[in-house]
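Source file: final_15.txt (compact mmCIF, C-alpha atoms)
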# COMPACT_ATOMS: atom_id res chain seq x y z
CA MET A 1 21.88 12.42 -118.52
CA ALA A 2 23.83 10.15 -116.25
CA ASN A 3 22.51 6.86 -114.89
CA LYS A 4 23.07 4.64 -111.88
CA LEU A 5 24.68 7.26 -109.72
CA ASP A 6 25.27 6.59 -106.06
CA PHE A 7 24.42 9.82 -104.27
CA SER A 8 24.41 8.41 -100.76
CA LEU A 9 27.46 10.15 -99.26
CA TYR A 10 27.81 13.34 -101.26
CA VAL A 11 30.77 15.34 -99.94
CA VAL A 12 31.02 19.05 -100.70
CA THR A 13 34.39 20.70 -100.17
CA ASP A 14 35.08 23.85 -98.22
CA SER A 15 38.77 24.66 -98.19
CA ARG A 16 38.29 27.27 -95.47
CA LEU A 17 37.41 24.49 -93.02
CA VAL A 18 40.34 22.12 -93.45
CA GLY A 19 42.69 24.05 -91.18
CA GLU A 20 46.28 22.95 -91.51
CA LYS A 21 45.41 19.91 -93.59
CA SER A 22 45.29 20.08 -97.37
CA LEU A 23 41.93 19.80 -99.09
CA GLU A 24 43.37 16.99 -101.18
CA SER A 25 44.30 14.90 -98.12
CA VAL A 26 40.84 15.38 -96.62
CA ILE A 27 39.15 14.28 -99.84
CA GLN A 28 41.47 11.31 -100.15
CA LEU A 29 40.41 10.19 -96.66
CA ALA A 30 36.72 10.77 -97.38
CA LEU A 31 37.04 8.61 -100.49
CA LYS A 32 38.78 5.88 -98.50
CA GLY A 33 35.95 6.09 -95.99
CA GLY A 34 33.37 5.50 -98.70
CA ALA A 35 32.28 8.90 -100.08
CA THR A 36 30.23 8.20 -103.20
CA MET A 37 30.36 11.63 -104.82
CA ILE A 38 32.62 14.68 -104.45
CA GLN A 39 31.65 18.25 -105.25
CA TYR A 40 34.53 20.68 -105.49
CA ARG A 41 33.20 24.05 -104.37
CA GLU A 42 35.58 27.00 -104.33
CA LYS A 43 34.37 30.56 -104.18
CA ASN A 44 37.31 32.79 -103.39
CA LYS A 45 40.18 31.56 -105.50
CA GLU A 46 41.44 32.53 -108.95
CA ALA A 47 40.35 30.34 -111.86
CA ASN A 48 43.83 28.95 -112.53
CA GLU A 49 44.12 27.77 -108.94
CA ILE A 50 40.66 26.17 -108.97
CA TYR A 51 41.53 24.53 -112.28
CA ALA A 52 44.80 23.08 -110.96
CA LYS A 53 43.21 21.75 -107.79
CA ALA A 54 40.24 20.36 -109.71
CA LEU A 55 42.62 18.36 -111.90
CA VAL A 56 44.22 16.79 -108.83
CA LEU A 57 40.82 15.96 -107.33
CA LYS A 58 39.64 14.49 -110.61
CA ASN A 59 42.55 12.04 -110.74
CA MET A 60 41.93 11.14 -107.12
CA CYS A 61 38.20 10.54 -107.65
CA ASN A 62 38.86 8.54 -110.81
CA LYS A 63 40.92 6.05 -108.81
CA PHE A 64 37.95 5.42 -106.55
CA GLY A 65 35.43 5.38 -109.39
CA VAL A 66 33.69 8.32 -107.76
CA PRO A 67 32.27 11.18 -109.86
CA LEU A 68 33.77 14.64 -109.39
CA ILE A 69 31.28 17.47 -109.65
CA ILE A 70 32.43 21.10 -110.02
CA ASN A 71 30.43 23.84 -108.40
CA ASP A 72 29.22 26.75 -110.55
CA ARG A 73 32.20 27.18 -112.93
CA LEU A 74 31.17 25.28 -116.04
CA ASP A 75 34.29 26.46 -117.86
CA ILE A 76 36.49 24.75 -115.27
CA ALA A 77 34.31 21.65 -115.31
CA MET A 78 34.70 21.49 -119.09
CA ALA A 79 38.42 22.22 -119.01
CA ILE A 80 39.12 19.29 -116.68
CA ASP A 81 36.41 17.11 -118.25
CA ALA A 82 34.70 16.69 -114.89
CA ASP A 83 31.91 14.18 -114.50
CA GLY A 84 29.45 16.87 -113.60
CA ILE A 85 28.56 20.38 -112.62
CA HIS A 86 26.48 21.64 -109.75
CA ILE A 87 24.58 24.86 -110.20
CA GLY A 88 22.35 26.97 -108.03
CA GLN A 89 19.44 29.28 -108.64
CA LYS A 90 21.82 32.17 -109.45
CA ASP A 91 24.16 30.37 -111.84
CA LEU A 92 23.91 29.91 -115.59
CA PRO A 93 20.53 28.66 -116.85
CA ILE A 94 20.20 24.86 -116.85
CA ALA A 95 19.44 24.71 -120.57
CA GLU A 96 22.65 26.60 -121.44
CA VAL A 97 24.69 24.38 -119.16
CA ARG A 98 23.26 21.21 -120.70
CA LYS A 99 23.86 22.52 -124.22
CA LEU A 100 27.50 23.38 -123.54
CA PHE A 101 28.38 20.44 -121.32
CA GLY A 102 26.74 17.74 -123.41
CA PRO A 103 24.01 15.15 -122.94
CA HIS A 104 25.96 12.63 -120.86
CA LYS A 105 27.35 14.82 -118.13
CA ILE A 106 25.86 15.06 -114.66
CA ILE A 107 24.05 18.29 -113.84
CA GLY A 108 22.94 18.97 -110.29
CA PHE A 109 20.72 21.79 -109.16
CA THR A 110 20.12 23.32 -105.75
CA VAL A 111 16.48 23.77 -104.78
CA GLU A 112 15.32 25.66 -101.74
CA ASN A 113 11.58 25.08 -101.91
CA GLU A 114 8.88 23.01 -103.58
CA ALA A 115 8.17 25.62 -106.25
CA GLN A 116 11.77 25.46 -107.50
CA VAL A 117 11.45 21.67 -107.79
CA VAL A 118 8.27 21.94 -109.81
CA LEU A 119 9.77 24.63 -112.06
CA SER A 120 12.85 22.57 -112.90
CA ASN A 121 11.35 19.07 -112.93
CA GLY A 122 11.00 19.20 -116.70
CA GLN A 123 14.55 20.40 -117.26
CA GLU A 124 17.61 18.31 -117.97
CA VAL A 125 18.88 18.06 -114.43
CA ASP A 126 20.09 14.74 -113.00
CA TYR A 127 19.57 15.39 -109.33
CA TYR A 128 18.58 18.00 -106.79
CA ILE A 129 20.26 19.11 -103.63
CA ALA A 130 17.52 20.31 -101.29
CA ALA A 131 18.88 22.85 -98.82
CA PRO A 132 19.00 23.77 -96.07
CA VAL A 133 17.15 21.04 -94.23
CA PHE A 134 18.52 21.87 -90.79
CA ARG A 135 20.58 24.68 -89.36
CA THR A 136 24.19 24.75 -90.48
CA ASN A 137 27.25 26.88 -89.98
CA THR A 138 28.68 26.25 -93.42
CA LYS A 139 26.40 28.56 -95.35
CA LEU A 140 25.57 31.77 -93.61
CA ASP A 141 22.42 32.91 -95.25
CA ASP A 142 18.87 33.79 -94.44
CA ARG A 143 17.13 31.08 -96.39
CA GLY A 144 14.36 29.41 -94.44
CA LEU A 145 14.99 25.94 -93.12
CA LEU A 146 13.13 23.14 -94.89
CA GLY A 147 12.92 20.84 -91.93
CA ILE A 148 11.78 17.24 -92.25
CA GLU A 149 8.37 18.29 -93.55
CA GLY A 150 9.75 20.61 -96.22
CA LEU A 151 12.18 17.98 -97.45
CA LYS A 152 9.42 15.39 -97.51
CA SER A 153 7.14 17.50 -99.69
CA MET A 154 10.00 18.29 -102.10
CA ILE A 155 10.87 14.61 -102.46
CA LYS A 156 7.21 13.91 -103.12
CA VAL A 157 6.93 16.30 -106.08
CA SER A 158 10.44 15.69 -107.45
CA LYS A 159 11.00 13.67 -110.60
CA LYS A 160 14.74 13.38 -109.82
CA PRO A 161 16.78 12.02 -106.93
CA VAL A 162 16.86 14.47 -104.04
CA ILE A 163 19.95 14.79 -101.83
CA ALA A 164 19.40 16.40 -98.46
CA ALA A 165 21.82 19.14 -97.41
CA GLY A 166 22.28 21.35 -94.39
CA GLY A 167 22.93 20.16 -90.88
CA ILE A 168 22.81 16.44 -91.68
CA SER A 169 24.56 14.50 -88.94
CA LEU A 170 25.07 10.92 -87.77
CA LYS A 171 22.03 11.47 -85.57
CA ASN A 172 19.52 12.55 -88.21
CA ALA A 173 20.90 10.88 -91.36
CA ALA A 174 18.74 7.76 -90.97
CA ASP A 175 15.56 9.83 -90.63
CA VAL A 176 16.46 11.84 -93.70
CA MET A 177 17.07 8.68 -95.73
CA ASP A 178 13.81 7.15 -94.51
CA LEU A 179 11.96 10.00 -96.23
CA GLY A 180 13.25 8.81 -99.58
CA SER A 181 16.34 10.96 -99.95
CA ALA A 182 18.84 9.65 -102.47
CA GLY A 183 21.66 10.69 -100.18
CA ILE A 184 23.00 13.34 -97.88
CA VAL A 185 25.43 16.21 -98.30
CA VAL A 186 28.18 16.42 -95.73
CA VAL A 187 30.54 19.41 -95.58
CA ASN A 188 31.57 20.50 -92.11
CA GLN A 189 31.95 17.18 -90.38
CA ILE A 190 34.27 15.82 -93.04
CA MET A 191 36.13 19.04 -93.87
CA SER A 192 36.88 20.02 -90.29
CA GLY A 193 36.66 16.61 -88.68
CA GLU A 194 39.67 15.05 -86.99
CA ASP A 195 39.30 11.82 -88.93
CA PRO A 196 37.54 12.29 -92.30
CA LYS A 197 37.87 8.59 -93.10
CA LEU A 198 36.27 7.40 -89.88
CA ILE A 199 33.40 9.87 -90.07
CA SER A 200 32.75 8.86 -93.68
CA GLU A 201 32.66 5.21 -92.65
CA LYS A 202 30.21 6.00 -89.89
CA PHE A 203 27.92 7.80 -92.33
CA ILE A 204 28.15 4.95 -94.82
CA LYS A 205 27.06 2.46 -92.16
CA ILE A 206 23.90 4.48 -91.67
CA LEU A 207 23.34 5.18 -95.37
CA LYS A 208 23.96 1.63 -96.50
CA PRO A 209 23.10 -0.54 -93.52
CA LYS A 210 23.06 -3.67 -95.62
CA GLY A 211 26.29 -2.84 -97.39
CA ILE A 212 24.47 -2.33 -100.68
CA MET B 1 42.22 33.17 -134.54
CA ALA B 2 40.40 36.29 -135.49
CA ASN B 3 41.58 38.65 -138.20
CA LYS B 4 41.24 42.31 -139.09
CA LEU B 5 40.20 43.44 -135.66
CA ASP B 6 40.08 47.13 -134.83
CA PHE B 7 41.47 47.46 -131.33
CA SER B 8 41.83 51.23 -131.34
CA LEU B 9 39.20 52.23 -128.78
CA TYR B 10 38.89 49.20 -126.52
CA VAL B 11 36.34 49.95 -123.79
CA VAL B 12 36.32 47.85 -120.62
CA THR B 13 33.23 48.04 -118.45
CA ASP B 14 33.10 48.68 -114.74
CA SER B 15 29.55 48.76 -113.46
CA ARG B 16 30.67 50.23 -110.12
CA LEU B 17 31.61 53.45 -111.91
CA VAL B 18 28.45 54.24 -113.86
CA GLY B 19 26.64 55.82 -110.91
CA GLU B 20 22.94 56.27 -111.56
CA LYS B 21 23.23 55.45 -115.23
CA SER B 22 22.82 51.89 -116.47
CA LEU B 23 25.86 50.10 -117.82
CA GLU B 24 23.89 49.39 -120.98
CA SER B 25 23.21 53.07 -121.64
CA VAL B 26 26.87 53.95 -121.15
CA ILE B 27 27.99 51.23 -123.56
CA GLN B 28 25.38 52.30 -126.08
CA LEU B 29 26.80 55.84 -126.00
CA ALA B 30 30.39 54.62 -126.22
CA LEU B 31 29.43 52.61 -129.30
CA LYS B 32 27.76 55.64 -130.84
CA GLY B 33 30.93 57.59 -130.12
CA GLY B 34 33.03 55.09 -132.03
CA ALA B 35 34.22 52.42 -129.57
CA THR B 36 35.74 49.60 -131.63
CA MET B 37 35.70 46.83 -129.04
CA ILE B 38 33.81 46.22 -125.79
CA GLN B 39 34.98 44.04 -122.94
CA TYR B 40 32.34 43.17 -120.39
CA ARG B 41 34.11 42.78 -117.07
CA GLU B 42 32.06 41.92 -114.01
CA LYS B 43 33.60 40.59 -110.85
CA ASN B 44 31.03 40.74 -108.09
CA LYS B 45 27.77 39.55 -109.60
CA GLU B 46 26.15 36.13 -109.79
CA ALA B 47 26.60 34.16 -113.01
CA ASN B 48 22.95 34.40 -114.06
CA GLU B 49 23.06 38.18 -113.79
CA ILE B 50 26.30 38.45 -115.76
CA TYR B 51 24.83 36.11 -118.36
CA ALA B 52 21.66 38.18 -118.75
CA LYS B 53 23.56 41.45 -119.05
CA ALA B 54 26.08 39.95 -121.43
CA LEU B 55 23.23 38.92 -123.75
CA VAL B 56 21.95 42.50 -123.85
CA LEU B 57 25.43 43.87 -124.53
CA LYS B 58 25.99 41.32 -127.25
CA ASN B 59 22.89 42.40 -129.15
CA MET B 60 23.94 46.00 -128.74
CA CYS B 61 27.47 45.40 -130.00
CA ASN B 62 26.18 43.32 -132.92
CA LYS B 63 24.21 46.30 -134.19
CA PHE B 64 27.40 48.33 -134.34
CA GLY B 65 29.47 45.49 -135.77
CA VAL B 66 31.70 45.72 -132.71
CA PRO B 67 33.05 42.55 -131.05
CA LEU B 68 31.96 41.81 -127.48
CA ILE B 69 34.64 40.26 -125.31
CA ILE B 70 33.80 38.63 -121.97
CA ASN B 71 36.26 38.89 -119.11
CA ASP B 72 37.42 35.69 -117.40
CA ARG B 73 34.19 33.62 -117.47
CA LEU B 74 34.58 31.39 -120.49
CA ASP B 75 31.36 29.56 -119.64
CA ILE B 76 29.40 32.78 -119.95
CA ALA B 77 31.26 33.73 -123.14
CA MET B 78 30.31 30.36 -124.62
CA ALA B 79 26.72 30.51 -123.39
CA ILE B 80 26.11 33.84 -125.13
CA ASP B 81 28.34 32.97 -128.10
CA ALA B 82 30.46 36.05 -127.49
CA ASP B 83 33.04 37.11 -130.03
CA GLY B 84 35.84 36.67 -127.58
CA ILE B 85 37.18 36.14 -124.11
CA HIS B 86 39.76 38.12 -122.20
CA ILE B 87 41.87 36.28 -119.66
CA GLY B 88 44.57 37.27 -117.25
CA GLN B 89 47.56 35.54 -115.73
CA LYS B 90 45.38 33.94 -113.04
CA ASP B 91 42.56 32.66 -115.24
CA LEU B 92 42.23 29.35 -117.07
CA PRO B 93 45.28 28.35 -119.16
CA ILE B 94 45.24 29.76 -122.71
CA ALA B 95 45.46 26.32 -124.32
CA GLU B 96 42.36 25.10 -122.45
CA VAL B 97 40.46 28.24 -123.37
CA ARG B 98 41.34 27.89 -127.06
CA LYS B 99 40.37 24.21 -127.05
CA LEU B 100 36.97 24.87 -125.50
CA PHE B 101 36.15 28.12 -127.28
CA GLY B 102 37.22 27.08 -130.76
CA PRO B 103 39.73 28.25 -133.35
CA HIS B 104 37.85 31.30 -134.64
CA LYS B 105 37.08 33.09 -131.41
CA ILE B 106 39.07 36.05 -130.11
CA ILE B 107 41.26 35.40 -127.10
CA GLY B 108 42.92 38.31 -125.33
CA PHE B 109 45.54 38.06 -122.63
CA THR B 110 46.75 40.55 -120.07
CA VAL B 111 50.52 40.92 -119.80
CA GLU B 112 52.29 42.89 -117.10
CA ASN B 113 55.89 42.59 -118.23
CA GLU B 114 58.12 41.59 -121.11
CA ALA B 115 58.69 38.07 -119.79
CA GLN B 116 54.96 37.34 -119.90
CA VAL B 117 54.85 38.47 -123.53
CA VAL B 118 57.73 36.21 -124.48
CA LEU B 119 56.19 33.27 -122.61
CA SER B 120 52.85 33.56 -124.38
CA ASN B 121 53.99 34.73 -127.83
CA GLY B 122 53.82 31.16 -129.14
CA GLN B 123 50.34 30.54 -127.75
CA GLU B 124 47.03 30.99 -129.50
CA VAL B 125 46.25 34.45 -128.27
CA ASP B 126 44.95 37.15 -130.62
CA TYR B 127 46.05 40.23 -128.74
CA TYR B 128 47.62 41.46 -125.56
CA ILE B 129 46.52 44.11 -123.13
CA ALA B 130 49.67 45.55 -121.56
CA ALA B 131 48.92 46.98 -118.12
CA PRO B 132 49.28 49.18 -116.24
CA VAL B 133 51.11 51.73 -118.35
CA PHE B 134 50.31 54.72 -116.15
CA ARG B 135 48.75 55.17 -112.75
CA THR B 136 45.05 54.44 -112.58
CA ASN B 137 42.28 54.40 -110.03
CA THR B 138 40.34 51.60 -111.68
CA LYS B 139 42.52 48.73 -110.58
CA LEU B 140 43.90 49.05 -107.13
CA ASP B 141 46.90 46.81 -107.09
CA ASP B 142 50.58 46.89 -106.47
CA ARG B 143 51.78 45.94 -109.91
CA GLY B 144 54.63 48.09 -111.13
CA LEU B 145 53.85 50.69 -113.76
CA LEU B 146 55.17 49.94 -117.23
CA GLY B 147 55.58 53.53 -118.29
CA ILE B 148 56.32 54.48 -121.88
CA GLU B 149 59.62 52.57 -121.87
CA GLY B 150 58.10 49.36 -120.50
CA LEU B 151 55.27 49.45 -123.03
CA LYS B 152 57.73 50.12 -125.84
CA SER B 153 59.86 47.10 -125.01
CA MET B 154 56.79 44.87 -124.76
CA ILE B 155 55.52 46.01 -128.15
CA LYS B 156 58.98 45.32 -129.55
CA VAL B 157 59.06 41.66 -128.48
CA SER B 158 55.36 40.98 -129.06
CA LYS B 159 54.14 38.90 -131.98
CA LYS B 160 50.58 40.08 -131.44
CA PRO B 161 48.83 43.44 -131.36
CA VAL B 162 49.38 45.19 -128.04
CA ILE B 163 46.69 47.37 -126.50
CA ALA B 164 47.85 49.81 -123.86
CA ALA B 165 45.89 49.98 -120.61
CA GLY B 166 46.07 51.97 -117.40
CA GLY B 167 45.81 55.72 -117.12
CA ILE B 168 45.45 56.36 -120.84
CA SER B 169 43.93 59.80 -121.39
CA LEU B 170 43.25 62.27 -124.17
CA LYS B 171 46.62 63.81 -123.29
CA ASN B 172 48.82 60.72 -123.62
CA ALA B 173 46.86 58.60 -126.13
CA ALA B 174 48.76 59.94 -129.15
CA ASP B 175 52.15 59.16 -127.56
CA VAL B 176 51.00 55.65 -126.73
CA MET B 177 49.82 55.07 -130.29
CA ASP B 178 53.08 56.44 -131.70
CA LEU B 179 54.92 53.59 -129.96
CA GLY B 180 53.06 51.09 -132.12
CA SER B 181 50.15 50.24 -129.83
CA ALA B 182 47.21 48.65 -131.61
CA GLY B 183 44.85 50.62 -129.42
CA ILE B 184 44.09 51.85 -125.96
CA VAL B 185 41.91 50.61 -123.14
CA VAL B 186 39.58 53.16 -121.61
CA VAL B 187 37.56 52.40 -118.49
CA ASN B 188 37.14 55.24 -116.06
CA GLN B 189 36.69 58.15 -118.44
CA ILE B 190 33.89 56.44 -120.34
CA MET B 191 32.24 54.62 -117.42
CA SER B 192 32.10 57.62 -115.11
CA GLY B 193 32.23 60.38 -117.69
CA GLU B 194 29.37 62.82 -118.08
CA ASP B 195 29.15 62.22 -121.80
CA PRO B 196 30.45 58.79 -122.85
CA LYS B 197 29.66 59.49 -126.51
CA LEU B 198 31.59 62.75 -126.65
CA ILE B 199 34.63 61.37 -124.83
CA SER B 200 34.66 58.36 -127.18
CA GLU B 201 34.55 60.67 -130.18
CA LYS B 202 37.44 62.70 -128.78
CA PHE B 203 39.51 59.55 -128.34
CA ILE B 204 38.66 58.36 -131.83
CA LYS B 205 39.89 61.66 -133.30
CA ILE B 206 43.27 61.03 -131.70
CA LEU B 207 43.37 57.31 -132.48
CA LYS B 208 42.26 57.67 -136.08
CA PRO B 209 43.36 61.16 -137.10
CA LYS B 210 42.81 60.43 -140.76
CA GLY B 211 39.44 58.76 -140.19
CA ILE B 212 40.86 55.37 -141.17
Could you express the structure from this file as structure tokens?
Amino acid sequence: MANKLDFSLYVVTDSRLVGEKSLESVIQLALKGGATMIQYREKNKEANEIYAKALVLKNMCNKFGVPLIINDRLDIAMAIDADGIHIGQKDLPIAEVRKLFGPHKIIGFTVENEAQVVLSNGQEVDYYIAAPVFRTNTKLDDRGLLGIEGLKSMIKVSKKPVIAAGGISLKNAADVMDLGSAGIVVVNQIMSGEDPKLISEKFIKILKPKGI
Amino acid sequence: MANKLDFSLYVVTDSRLVGEKSLESVIQLALKGGATMIQYREKNKEANEIYAKALVLKNMCNKFGVPLIINDRLDIAMAIDADGIHIGQKDLPIAEVRKLFGPHKIIGFTVENEAQVVLSNGQEVDYYIAAPVFRTNTKLDDRGLLGIEGLKSMIKVSKKPVIAAGGISLKNAADVMDLGSAGIVVVNQIMSGEDPKLISEKFIKILKPKGI
């Protein structure tokens, strides 16, 4: 398991949102603005393309000392020697992922309710992403919203750091952190934002008010 | 690299074609009918579902002493300790797959023209699937058909066994084998056939006329 990770500004990619910009340039700017963790999430591309782009992002993240997490595809994570993998409820079982990826890699797990936290608390996961807290346009699904209360109860039972995802904005980020979140996931605002660096900086000011 | 493999009746799954039957029951019948290799190919399911089904197929294949090959998802192949992986031109690079999967696992590679054979001849691949030889309804794409002549020239330059895929039937299987193919890929006729065992037996009679 990994130690001393800074989850505060956890950026998840969505290449469909970057418009005419390249995903790489957006991530570069987010890193310059203070992003503390990058998750490369790519659902509709061929493996060789994901692999090639993941390699570029890994080099970029390395320069900033920021961990790169790959979504779902453990084979790609292993092939590029990524810092971590992020899996959801419908991906490979956690135990298999830990066995293949090794004891020192970061494994993140998406949880959508308190029961899923309790069920996986004993497993070798390094952090949770709790989602969706608020309404979001990034993931179109019918999962129920956690809201502040749902997030709070998940943080309470969790034995791992919990990162809040789904509709987190500059307006509600402070409230979410006050509950004991280890960080927030930002997708939309950085991916499709006019100035990914500036928006990252604004988030960081809220997440780390004392510059910790 | 793997040795002494029997590629003659190489069955590739397509769960969309099995209708009301289960994929497992179809594969079981194909194995009883003499299938010598099974490739589990699944494109539109979640990883945990592919993983669970792959485990079932692996146990089934083990009982028949037939290798189970997983398509594309090396992570799933590794998680279930499959006998092999089959990758295409748009999957992870061969060298990365070999490095992660180990020296004794089977790696198959799809080739669509002579140039691709020449390019990968020096790489650590155990066999090629040459496709598409004839017209097929299984893969809807715009790749050019190899035809008998195209297949012949690929077999000629290949340093590995070549399995012919695409529109192979009981009528043309003998011709394809006469060119020096190591085997044939069958999808449609076994997946959607009324009697997967009988059709497999019929193919085997053509592929191994002397019962070798």
Can you pull out every residue within 6 Å of region 161-176 of chain B, counting all atoms listed in the file, but drop anything in the same chain fewer than 3 positions away, and send it as an MDAnalysis selection string?
-> chainID B and resid 127:136 179 181:185
Can you list, as a CSV table (one decimal) with C-alpha atoms, keeping the file's coordinate frame, every protein, DNA or RNA residue that comes within 12 Å of region 45-52 of chain B when you count all atoms listed in the file, leaving out same-chain residues fewer than 4 positions away?
chain,number,residue,atom,x,y,z
A,43,LYS,CA,34.4,30.6,-104.2
A,71,ASN,CA,30.4,23.8,-108.4
A,72,ASP,CA,29.2,26.8,-110.6
A,73,ARG,CA,32.2,27.2,-112.9
A,74,LEU,CA,31.2,25.3,-116.0
A,75,ASP,CA,34.3,26.5,-117.9
A,87,ILE,CA,24.6,24.9,-110.2
A,88,GLY,CA,22.4,27.0,-108.0
A,89,GLN,CA,19.4,29.3,-108.6
A,90,LYS,CA,21.8,32.2,-109.4
A,91,ASP,CA,24.2,30.4,-111.8
A,92,LEU,CA,23.9,29.9,-115.6
A,93,PRO,CA,20.5,28.7,-116.8
A,94,ILE,CA,20.2,24.9,-116.8
A,96,GLU,CA,22.6,26.6,-121.4
A,97,VAL,CA,24.7,24.4,-119.2
B,14,ASP,CA,33.1,48.7,-114.7
B,15,SER,CA,29.6,48.8,-113.5
B,16,ARG,CA,30.7,50.2,-110.1
B,23,LEU,CA,25.9,50.1,-117.8
B,24,GLU,CA,23.9,49.4,-121.0
B,40,TYR,CA,32.3,43.2,-120.4
B,41,ARG,CA,34.1,42.8,-117.1
B,56,VAL,CA,22.0,42.5,-123.8
B,57,LEU,CA,25.4,43.9,-124.5
B,58,LYS,CA,26.0,41.3,-127.2
B,59,ASN,CA,22.9,42.4,-129.2
B,70,ILE,CA,33.8,38.6,-122.0
B,71,ASN,CA,36.3,38.9,-119.1
B,72,ASP,CA,37.4,35.7,-117.4
B,73,ARG,CA,34.2,33.6,-117.5
B,74,LEU,CA,34.6,31.4,-120.5
B,75,ASP,CA,31.4,29.6,-119.6
B,76,ILE,CA,29.4,32.8,-120.0
B,77,ALA,CA,31.3,33.7,-123.1
B,78,MET,CA,30.3,30.4,-124.6
B,79,ALA,CA,26.7,30.5,-123.4
B,80,ILE,CA,26.1,33.8,-125.1
B,81,ASP,CA,28.3,33.0,-128.1
B,82,ALA,CA,30.5,36.0,-127.5
CA of Val186 (chain B) to CA of Leu68 (chain B), distance in Å rounded to a single decimal =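 Calculated distance between CA of Val186 (chain B) and CA of Leu68 (chain B) is 14.9 Å.
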Separation of CA of Phe101 (chain B) from CA of Gly102 (chain A), in Å and rounded to one decimal = 14.5 Å
Expressed in Å to a single decimal, how great is the separation between CA of Phe7 (chain B) and CA of Lys197 (chain B)?
-> 17.5 Å
